[in-house]
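**Q** My file is upload.json. It has JSON, C-alpha atoms:
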```json
[["chain", "number", "residue", "atom", "x", "y", "z"],
["W", 29, "MET", "CA", 10.18, -2.03, 10.94],
["W", 30, "ASN", "CA", 9.54, -1.15, 14.58],
["W", 31, "THR", "CA", 10.58, 2.43, 15.20],
["W", 32, "PRO", "CA", 10.69, 3.98, 18.70],
["W", 33, "SER", "CA", 9.83, 7.62, 19.35],
["W", 34, "ASN", "CA", 12.68, 10.14, 19.64],
["W", 35, "MET", "CA", 11.51, 11.46, 23.04],
["W", 36, "LEU", "CA", 11.56, 15.22, 22.51],
["W", 37, "ALA", "CA", 12.87, 17.03, 25.61],
["W", 38, "LEU", "CA", 10.28, 17.62, 28.34],
["W", 39, "GLY", "CA", 9.44, 21.29, 28.75],
["W", 40, "THR", "CA", 9.67, 21.89, 24.99],
["W", 41, "LYS", "CA", 7.06, 24.38, 23.76],
["W", 42, "ALA", "CA", 4.59, 22.81, 21.35],
["W", 43, "PRO", "CA", 5.72, 23.80, 17.85],
["W", 44, "PHE", "CA", 2.98, 25.90, 16.24],
["W", 45, "PHE", "CA", 1.12, 24.53, 13.23],
["W", 46, "GLU", "CA", -1.67, 25.34, 10.82],
["W", 47, "LEU", "CA", -2.87, 22.36, 8.81],
["W", 48, "PRO", "CA", -5.87, 21.38, 6.70],
["W", 49, "ASN", "CA", -8.55, 19.11, 8.16],
["W", 50, "PRO", "CA", -9.79, 16.84, 5.34],
["W", 51, "SER", "CA", -12.98, 16.00, 7.30],
["W", 52, "LYS", "CA", -13.87, 19.70, 7.38],
["W", 53, "THR", "CA", -13.36, 20.35, 3.63],
["W", 54, "ASN", "CA", -9.69, 21.13, 4.29],
["W", 55, "GLU", "CA", -10.43, 24.00, 6.66],
["W", 56, "ILE", "CA", -7.10, 25.22, 8.03],
["W", 57, "GLN", "CA", -6.90, 24.59, 11.77],
["W", 58, "SER", "CA", -4.12, 25.76, 14.06],
["W", 59, "LEU", "CA", -2.73, 24.60, 17.35],
["W", 60, "ASP", "CA", -4.06, 27.79, 18.95],
["W", 61, "ASP", "CA", -7.59, 27.15, 17.61],
["W", 62, "LEU", "CA", -7.67, 23.56, 18.78],
["W", 63, "LYS", "CA", -5.67, 23.36, 22.01],
["W", 64, "GLY", "CA", -7.37, 22.16, 25.18],
["W", 65, "GLU", "CA", -8.12, 24.34, 28.18],
["W", 66, "LYS", "CA", -6.00, 22.17, 30.49],
["W", 67, "GLY", "CA", -3.94, 19.99, 28.17],
["W", 68, "THR", "CA", -3.41, 18.99, 24.55],
["W", 69, "LEU", "CA", -2.41, 15.58, 23.23],
["W", 70, "VAL", "CA", -0.81, 15.70, 19.76],
["W", 71, "ILE", "CA", -0.81, 12.28, 18.08],
["W", 72, "PHE", "CA", 1.12, 11.51, 14.91],
["W", 73, "MET", "CA", -0.75, 8.64, 13.27],
["W", 74, "CYS", "CA", -2.04, 7.33, 9.96],
["W", 75, "ASN", "CA", -4.79, 5.12, 8.58],
["W", 76, "HIS", "CA", -3.06, 1.88, 7.70],
["W", 77, "CYS", "CA", -0.41, 1.27, 10.38],
["W", 78, "PRO", "CA", -1.11, -1.89, 12.43],
["W", 79, "PHE", "CA", 0.14, -0.12, 15.59],
["W", 80, "VAL", "CA", -2.43, 2.66, 15.10],
["W", 81, "LEU", "CA", -5.21, 0.18, 14.30],
["W", 82, "HIS", "CA", -4.29, -1.66, 17.51],
["W", 83, "VAL", "CA", -4.91, 1.41, 19.71],
["W", 84, "ILE", "CA", -7.33, 3.71, 17.87],
["W", 85, "ASP", "CA", -10.45, 2.53, 19.69],
["W", 86, "LYS", "CA", -8.77, 3.08, 23.08],
["W", 87, "ILE", "CA", -7.56, 6.52, 21.97],
["W", 88, "ASN", "CA", -11.17, 7.34, 21.13],
["W", 89, "GLU", "CA", -12.34, 6.06, 24.52],
["W", 90, "LEU", "CA", -9.72, 8.20, 26.30],
["W", 91, "TYR", "CA", -10.85, 11.19, 24.24],
["W", 92, "GLU", "CA", -14.45, 10.65, 25.34],
["W", 93, "ASP", "CA", -13.31, 10.39, 28.98],
["W", 94, "TYR", "CA", -10.93, 13.34, 29.07],
["W", 95, "ASN", "CA", -12.20, 15.85, 26.52],
["W", 96, "GLU", "CA", -14.90, 17.02, 28.94],
["W", 97, "LYS", "CA", -12.16, 17.53, 31.56],
["W", 98, "GLY", "CA", -10.37, 20.05, 29.34],
["W", 99, "ILE", "CA", -7.94, 17.83, 27.43],
["W", 100, "GLU", "CA", -8.06, 18.07, 23.63],
["W", 101, "PHE", "CA", -6.63, 15.54, 21.19],
["W", 102, "ILE", "CA", -5.21, 16.54, 17.80],
["W", 103, "ALA", "CA", -4.17, 13.80, 15.37],
["W", 104, "ILE", "CA", -1.80, 14.51, 12.48],
["W", 105, "ASN", "CA", -0.99, 12.34, 9.47],
["W", 106, "ALA", "CA", 2.38, 13.20, 7.90],
["W", 107, "ASN", "CA", 2.90, 10.12, 5.74],
["W", 108, "ASP", "CA", 4.00, 10.33, 2.12],
["W", 109, "VAL", "CA", 0.71, 9.55, 0.38],
["W", 110, "GLU", "CA", 2.28, 9.10, -3.04],
["W", 111, "LYS", "CA", 4.08, 5.99, -1.82],
["W", 112, "TYR", "CA", 1.32, 5.10, 0.70],
["W", 113, "PRO", "CA", -2.02, 5.95, -0.94],
["W", 114, "ALA", "CA", -3.90, 4.28, 1.95],
["W", 115, "ASP", "CA", -2.99, 7.39, 3.99],
["W", 116, "ALA", "CA", -4.33, 9.93, 1.47],
["W", 117, "PRO", "CA", -6.58, 12.73, 2.80],
["W", 118, "GLU", "CA", -9.78, 11.22, 1.37],
["W", 119, "LYS", "CA", -8.91, 7.96, 3.13],
["W", 120, "MET", "CA", -8.37, 9.92, 6.36],
["W", 121, "ILE", "CA", -12.02, 10.98, 6.16],
["W", 122, "GLU", "CA", -13.12, 7.36, 5.63],
["W", 123, "PHE", "CA", -10.93, 6.19, 8.52],
["W", 124, "GLN", "CA", -12.38, 8.83, 10.84],
["W", 125, "ILE", "CA", -15.95, 7.83, 9.95],
["W", 126, "GLU", "CA", -15.24, 4.11, 10.18],
["W", 127, "ARG", "CA", -13.51, 4.42, 13.57],
["W", 128, "LYS", "CA", -16.01, 7.04, 14.84],
["W", 129, "PHE", "CA", -13.59, 9.50, 16.38],
["W", 130, "ASP", "CA", -14.43, 13.19, 16.72],
["W", 131, "PHE", "CA", -11.07, 14.77, 17.46],
["W", 132, "PRO", "CA", -9.44, 16.69, 14.59],
["W", 133, "TYR", "CA", -7.33, 14.65, 12.16],
["W", 134, "LEU", "CA", -5.05, 16.98, 10.19],
["W", 135, "TYR", "CA", -2.90, 16.43, 7.12],
["W", 136, "ASP", "CA", 0.79, 17.47, 7.21],
["W", 137, "GLU", "CA", 1.58, 17.17, 3.51],
["W", 138, "SER", "CA", 4.95, 18.95, 3.70],
["W", 139, "GLN", "CA", 5.95, 16.88, 6.77],
["W", 140, "ALA", "CA", 7.28, 20.12, 8.32],
["W", 141, "VAL", "CA", 5.14, 19.70, 11.44],
["W", 142, "ALA", "CA", 6.27, 16.11, 12.00],
["W", 143, "LYS", "CA", 9.87, 17.32, 11.69],
["W", 144, "ALA", "CA", 9.26, 20.19, 14.14],
["W", 145, "TYR", "CA", 7.99, 17.65, 16.70],
["W", 146, "ASP", "CA", 10.83, 15.24, 15.89],
["W", 147, "ALA", "CA", 8.12, 12.61, 15.34],
["W", 148, "ALA", "CA", 9.41, 9.19, 14.34],
["W", 149, "CYS", "CA", 6.61, 6.65, 14.42],
["W", 150, "THR", "CA", 2.89, 6.08, 14.22],
["W", 151, "PRO", "CA", 1.47, 6.43, 16.78],
["W", 152, "ASP", "CA", 3.71, 9.03, 18.46],
["W", 153, "PHE", "CA", 2.18, 10.88, 21.45],
["W", 154, "TYR", "CA", 3.02, 14.36, 22.79],
["W", 155, "PHE", "CA", 1.11, 15.73, 25.78],
["W", 156, "PHE", "CA", 1.31, 19.45, 26.57],
["W", 157, "ASP", "CA", -0.02, 21.38, 29.56],
["W", 158, "ASP", "CA", -2.17, 24.53, 29.44],
["W", 159, "LYS", "CA", 0.93, 26.63, 28.62],
["W", 160, "LEU", "CA", 1.78, 24.23, 25.77],
["W", 161, "ASP", "CA", 4.87, 22.92, 27.58],
["W", 162, "LEU", "CA", 5.64, 19.24, 26.94],
["W", 163, "VAL", "CA", 4.91, 17.19, 30.06],
["W", 164, "TYR", "CA", 4.71, 13.67, 28.64],
["W", 165, "ARG", "CA", 5.83, 11.92, 25.48],
["W", 166, "GLY", "CA", 6.10, 8.27, 24.74],
["W", 167, "GLN", "CA", 3.88, 5.23, 24.68],
["W", 168, "MET", "CA", 0.16, 5.00, 25.37],
["W", 169, "ASP", "CA", 0.72, 1.73, 27.26],
["W", 170, "ASP", "CA", 2.76, -1.50, 27.03],
["W", 171, "SER", "CA", 0.50, -3.18, 24.47],
["W", 172, "ARG", "CA", 1.76, -3.79, 20.94],
["W", 173, "PRO", "CA", 0.20, -5.84, 18.16],
["W", 174, "GLY", "CA", 0.91, -9.48, 18.94],
["W", 175, "ASN", "CA", 2.35, -9.11, 22.46],
["W", 176, "ASN", "CA", -0.93, -10.23, 24.10],
["W", 177, "LYS", "CA", -0.94, -7.31, 26.57],
["W", 178, "ASP", "CA", -4.27, -5.52, 27.01],
["W", 179, "VAL", "CA", -4.67, -2.08, 25.49],
["W", 180, "THR", "CA", -5.27, -0.02, 28.64],
["W", 181, "GLY", "CA", -4.03, 3.48, 27.80],
["W", 182, "GLU", "CA", -2.35, 3.36, 31.20],
["W", 183, "ASP", "CA", 0.66, 5.61, 30.54],
["W", 184, "LEU", "CA", -1.50, 8.34, 29.01],
["W", 185, "ILE", "CA", -4.11, 8.04, 31.76],
["W", 186, "ILE", "CA", -1.39, 8.54, 34.40],
["W", 187, "ALA", "CA", -0.09, 11.61, 32.52],
["W", 188, "PHE", "CA", -3.62, 13.05, 32.18],
["W", 189, "GLU", "CA", -4.49, 12.41, 35.83],
["W", 190, "ASN", "CA", -1.20, 13.87, 37.07],
["W", 191, "LEU", "CA", -1.83, 17.03, 35.04],
["W", 192, "LEU", "CA", -5.43, 17.39, 36.22],
["W", 193, "LEU", "CA", -4.40, 16.85, 39.87],
["W", 194, "GLY", "CA", -1.42, 19.23, 39.60],
["W", 195, "GLU", "CA", 1.00, 16.40, 40.39],
["W", 196, "SER", "CA", 4.42, 15.99, 38.81],
["W", 197, "GLN", "CA", 4.74, 13.56, 35.93],
["W", 198, "GLU", "CA", 6.44, 10.17, 36.06],
["W", 199, "GLU", "CA", 10.21, 10.47, 35.68],
["W", 200, "ILE", "CA", 10.44, 7.33, 33.59],
["W", 201, "GLN", "CA", 8.56, 7.70, 30.33],
["W", 202, "ARG", "CA", 8.82, 4.88, 27.81],
["W", 203, "PRO", "CA", 9.06, 5.53, 24.09],
["W", 204, "SER", "CA", 6.12, 4.78, 21.86],
["W", 205, "MET", "CA", 6.73, 2.14, 19.21],
["W", 206, "GLY", "CA", 5.24, 1.87, 15.77],
["W", 207, "CYS", "CA", 5.78, 1.98, 12.05],
["W", 208, "ASN", "CA", 8.19, 4.68, 10.97],
["W", 209, "ILE", "CA", 6.68, 7.84, 9.52],
["W", 210, "LYS", "CA", 6.80, 7.45, 5.75],
["W", 211, "TRP", "CA", 9.18, 10.28, 4.85],
["W", 212, "LYS", "CA", 9.37, 11.65, 1.33]]
```
Will you turn the file into structure tokens for me?

**A**
Amino acid sequence: MNTPSNMLALGTKAPFFELPNPSKTNEIQSLDDLKGEKGTLVIFMCNHCPFVLHVIDKINELYEDYNEKGIEFIAINANDVEKYPADAPEKMIEFQIERKFDFPYLYDESQAVAKAYDAACTPDFYFFDDKLDLVYRGQMDDSRPGNNKDVTGEDLIIAFENLLLGESQEEIQRPSMGCNIKWK
């Protein structure tokens, strides 16, 4: 089922969270610990969703390009792992190793954080400025599995560049699309 993002209101303060990081022996990491100096991209994602698999390598490439410019990425998996064991915390570790990404990948077992962000799909992207105000939410680019459009990361790149240059963000922001979050 293709589920679009709910498009949380721009200007919303990033809801605070503290979640375990399975790749760091479940060390509890918070938004305040992890946030970027200039911006923070919160990504709701999981291990098995074809929409995530379609874009994960580009997300990693963007992270490598923008992390040194002060933008941090934080991924969160909120799926119900009882019904979807492929998204279990130990599989998150395997996925992170296999896909070679270094940004934190946290586990939202209670799903409270996903609800606080009004997250709907995987992947769902939320980009906050240095004050943790929401400046962009929506799709990474126009590519979807099977639509034959290149994965460019264009929409996120525009949002990152606008933030770094102190320019205003695009008025039209298109929802992300993906598998629905697997609610309990």

**Q** Would you work out the distance separating atom CA of W:Met73 from atom CA of W:Gly98, expressed in Å to one decimal?

**A**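 Computing it gives 21.9 Å between the two atoms.
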
**Q** If I take atom CA of W:Ala147 and atom CA of W:Met35, how far is one from the other in Å, to one decimal?

**A**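 Value for the atom CA of W:Ala147-atom CA of W:Met35 distance: 8.5 Å.
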
**Q** What is the distance, in Å and to one decimal place, between atom CA of W:Tyr135 and atom CA of W:Glu189?

**A** 29.0 Å

**Q** Can you list every residue of stretch 94-170 of chain W that has an atom at most 10 Å from stretch 185-188 of chain W, with its nearest atom pair and the distance in Å to one decimal, using all atoms listed in the file, ordered by chain then number, as a Markdown table?

**A**
```
| residue | atom | partner | partner_atom | distance |
| --- | --- | --- | --- | --- |
| W:Tyr94 | CA | W:Phe188 | CA | 7.9 |
| W:Lys97 | CA | W:Phe188 | CA | 9.7 |
| W:Ile99 | CA | W:Phe188 | CA | 8.0 |
| W:Phe155 | CA | W:Ala187 | CA | 8.0 |
| W:Phe156 | CA | W:Phe188 | CA | 9.8 |
| W:Asp157 | CA | W:Phe188 | CA | 9.4 |
| W:Val163 | CA | W:Ala187 | CA | 7.9 |
| W:Tyr164 | CA | W:Ala187 | CA | 6.5 |
| W:Arg165 | CA | W:Ala187 | CA | 9.2 |
| W:Met168 | CA | W:Ile185 | CA | 8.3 |
| W:Asp169 | CA | W:Ile185 | CA | 9.1 |
```

**Q** Up to 12 Å from (-5.1, 26.3, 11.4) in the file's coordinates: name the residues, counting all atoms listed in the file, as a PyMOL selection string.

**A** chain W and resi 44-49+52+54-63+102+132-136

**Q** List as a PyMOL selection string the protein and nucleic acid residues near stretch 178-180 of chain W, meaning an atom at most 12 Å away when all atoms listed in the file are counted, but skip any in the same chain fewer than 5 places from it.

**A** chain W and resi 79-87+89-90+167-173+185-186

**Q** Restricting the calculation to all atoms listed in the file, which member of W:Leu38, W:Ile121, W:Ala114, W:Cys77 is positioned closest to W:Gln201?

**A**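 Among W:Leu38, W:Ile121, W:Ala114, W:Cys77, it is W:Leu38 that comes nearest to W:Gln201.
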
**Q** Just checking: using only C-alpha atoms, which residue out of W:Gly166, W:Pro50, W:Pro113, W:Gly67 ends up closest to W:Gly194?

**A**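 Under the stated criterion, the closest residue is W:Gly67.
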
**Q** Have a look at W:Glu198, W:Glu182, W:Glu137, W:Asp152 and name the one nearest to W:Val109; count all atoms listed in the file.

**A**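 Smallest distance to W:Val109 is found for W:Glu137.
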
**Q** Between W:Asn95, W:Asn107, W:Thr68, W:Ser33, which one has atoms that come closest to W:Ile209, using only C-alpha atoms?

**A**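 The answer is W:Asn107, which sits nearest to W:Ile209.
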
**Q** Could you tell me which of W:Pro203, W:Pro32, W:Pro43, W:Gly174 comes closest to W:Leu162 if we count all atoms listed in the file?

**A** W:Pro43

**Q** From the list W:Lys159, W:Arg127, W:Lys143, W:Lys111, which residue is nearest W:Glu65 when using only C-alpha atoms?

**A**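 The answer is W:Lys159, which sits nearest to W:Glu65.
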
**Q** Please supply stretch 37-48 of chain W, rebuilt with all heavy atoms, as a CSV table (one decimal), keeping the file's coordinate frame.

**A**
```
chain,number,residue,atom,x,y,z
W,37,ALA,N,12.6,16.6,24.2
W,37,ALA,CA,12.9,17.0,25.6
W,37,ALA,C,11.6,17.6,26.3
W,37,ALA,O,10.9,18.4,25.7
W,37,ALA,CB,14.0,18.1,25.6
W,38,LEU,N,11.4,17.1,27.5
W,38,LEU,CA,10.3,17.6,28.3
W,38,LEU,C,10.5,19.1,28.5
W,38,LEU,O,11.6,19.6,28.6
W,38,LEU,CB,10.2,16.9,29.7
W,38,LEU,CG,9.9,15.4,29.6
W,38,LEU,CD1,10.0,14.7,30.9
W,38,LEU,CD2,8.4,15.2,29.1
W,39,GLY,N,9.4,19.8,28.6
W,39,GLY,CA,9.4,21.3,28.8
W,39,GLY,C,9.5,22.0,27.4
W,39,GLY,O,9.3,23.2,27.4
W,40,THR,N,9.7,21.3,26.3
W,40,THR,CA,9.7,21.9,25.0
W,40,THR,C,8.3,22.5,24.7
W,40,THR,O,7.3,21.9,25.0
W,40,THR,CB,9.9,20.8,23.9
W,40,THR,OG1,11.2,20.2,24.1
W,40,THR,CG2,9.9,21.4,22.5
W,41,LYS,N,8.3,23.7,24.2
W,41,LYS,CA,7.1,24.4,23.8
W,41,LYS,C,6.5,23.7,22.5
W,41,LYS,O,7.3,23.3,21.6
W,41,LYS,CB,7.3,25.8,23.4
W,41,LYS,CG,7.4,26.8,24.5
W,41,LYS,CD,6.0,27.3,24.9
W,41,LYS,CE,6.0,28.2,26.1
W,41,LYS,NZ,5.1,27.9,27.1
W,42,ALA,N,5.2,23.5,22.5
W,42,ALA,CA,4.6,22.8,21.4
W,42,ALA,C,4.9,23.6,20.1
W,42,ALA,O,4.5,24.8,20.0
W,42,ALA,CB,3.1,22.7,21.6
W,43,PRO,N,5.5,23.1,19.1
W,43,PRO,CA,5.7,23.8,17.8
W,43,PRO,C,4.4,24.2,17.2
W,43,PRO,O,3.5,23.3,17.2
W,43,PRO,CB,6.5,22.8,17.0
W,43,PRO,CG,7.2,21.9,17.9
W,43,PRO,CD,6.2,21.8,19.1
W,44,PHE,N,4.2,25.4,16.8
W,44,PHE,CA,3.0,25.9,16.2
W,44,PHE,C,2.7,25.2,14.9
W,44,PHE,O,3.6,24.9,14.2
W,44,PHE,CB,3.1,27.4,16.0
W,44,PHE,CG,1.8,28.0,15.4
W,44,PHE,CD1,0.7,28.2,16.2
W,44,PHE,CD2,1.8,28.3,14.1
W,44,PHE,CE1,-0.5,28.7,15.6
W,44,PHE,CE2,0.6,28.8,13.5
W,44,PHE,CZ,-0.5,29.0,14.3
W,45,PHE,N,1.5,25.0,14.6
W,45,PHE,CA,1.1,24.5,13.2
W,45,PHE,C,-0.2,25.1,12.8
W,45,PHE,O,-1.1,25.4,13.6
W,45,PHE,CB,1.1,23.0,13.2
W,45,PHE,CG,0.2,22.3,14.2
W,45,PHE,CD1,-1.1,22.2,14.0
W,45,PHE,CD2,0.8,21.7,15.3
W,45,PHE,CE1,-1.9,21.6,14.9
W,45,PHE,CE2,0.0,21.1,16.2
W,45,PHE,CZ,-1.4,21.0,16.0
W,46,GLU,N,-0.4,25.1,11.5
W,46,GLU,CA,-1.7,25.3,10.8
W,46,GLU,C,-1.8,24.3,9.7
W,46,GLU,O,-0.9,24.3,8.8
W,46,GLU,CB,-1.7,26.7,10.2
W,46,GLU,CG,-1.8,27.9,11.1
W,46,GLU,CD,-1.9,29.2,10.4
W,46,GLU,OE1,-1.1,29.4,9.4
W,46,GLU,OE2,-2.7,30.0,10.8
W,47,LEU,N,-2.8,23.5,9.8
W,47,LEU,CA,-2.9,22.4,8.8
W,47,LEU,C,-4.3,22.2,8.4
W,47,LEU,O,-5.2,22.5,9.1
W,47,LEU,CB,-2.4,21.0,9.4
W,47,LEU,CG,-0.9,20.9,9.8
W,47,LEU,CD1,-0.6,19.7,10.6
W,47,LEU,CD2,0.0,20.9,8.5
W,48,PRO,N,-4.5,21.6,7.2
W,48,PRO,CA,-5.9,21.4,6.7
W,48,PRO,C,-6.5,20.2,7.4
W,48,PRO,O,-5.8,19.2,7.7
W,48,PRO,CB,-5.7,21.1,5.2
W,48,PRO,CG,-4.3,20.7,5.0
W,48,PRO,CD,-3.5,21.3,6.1
```
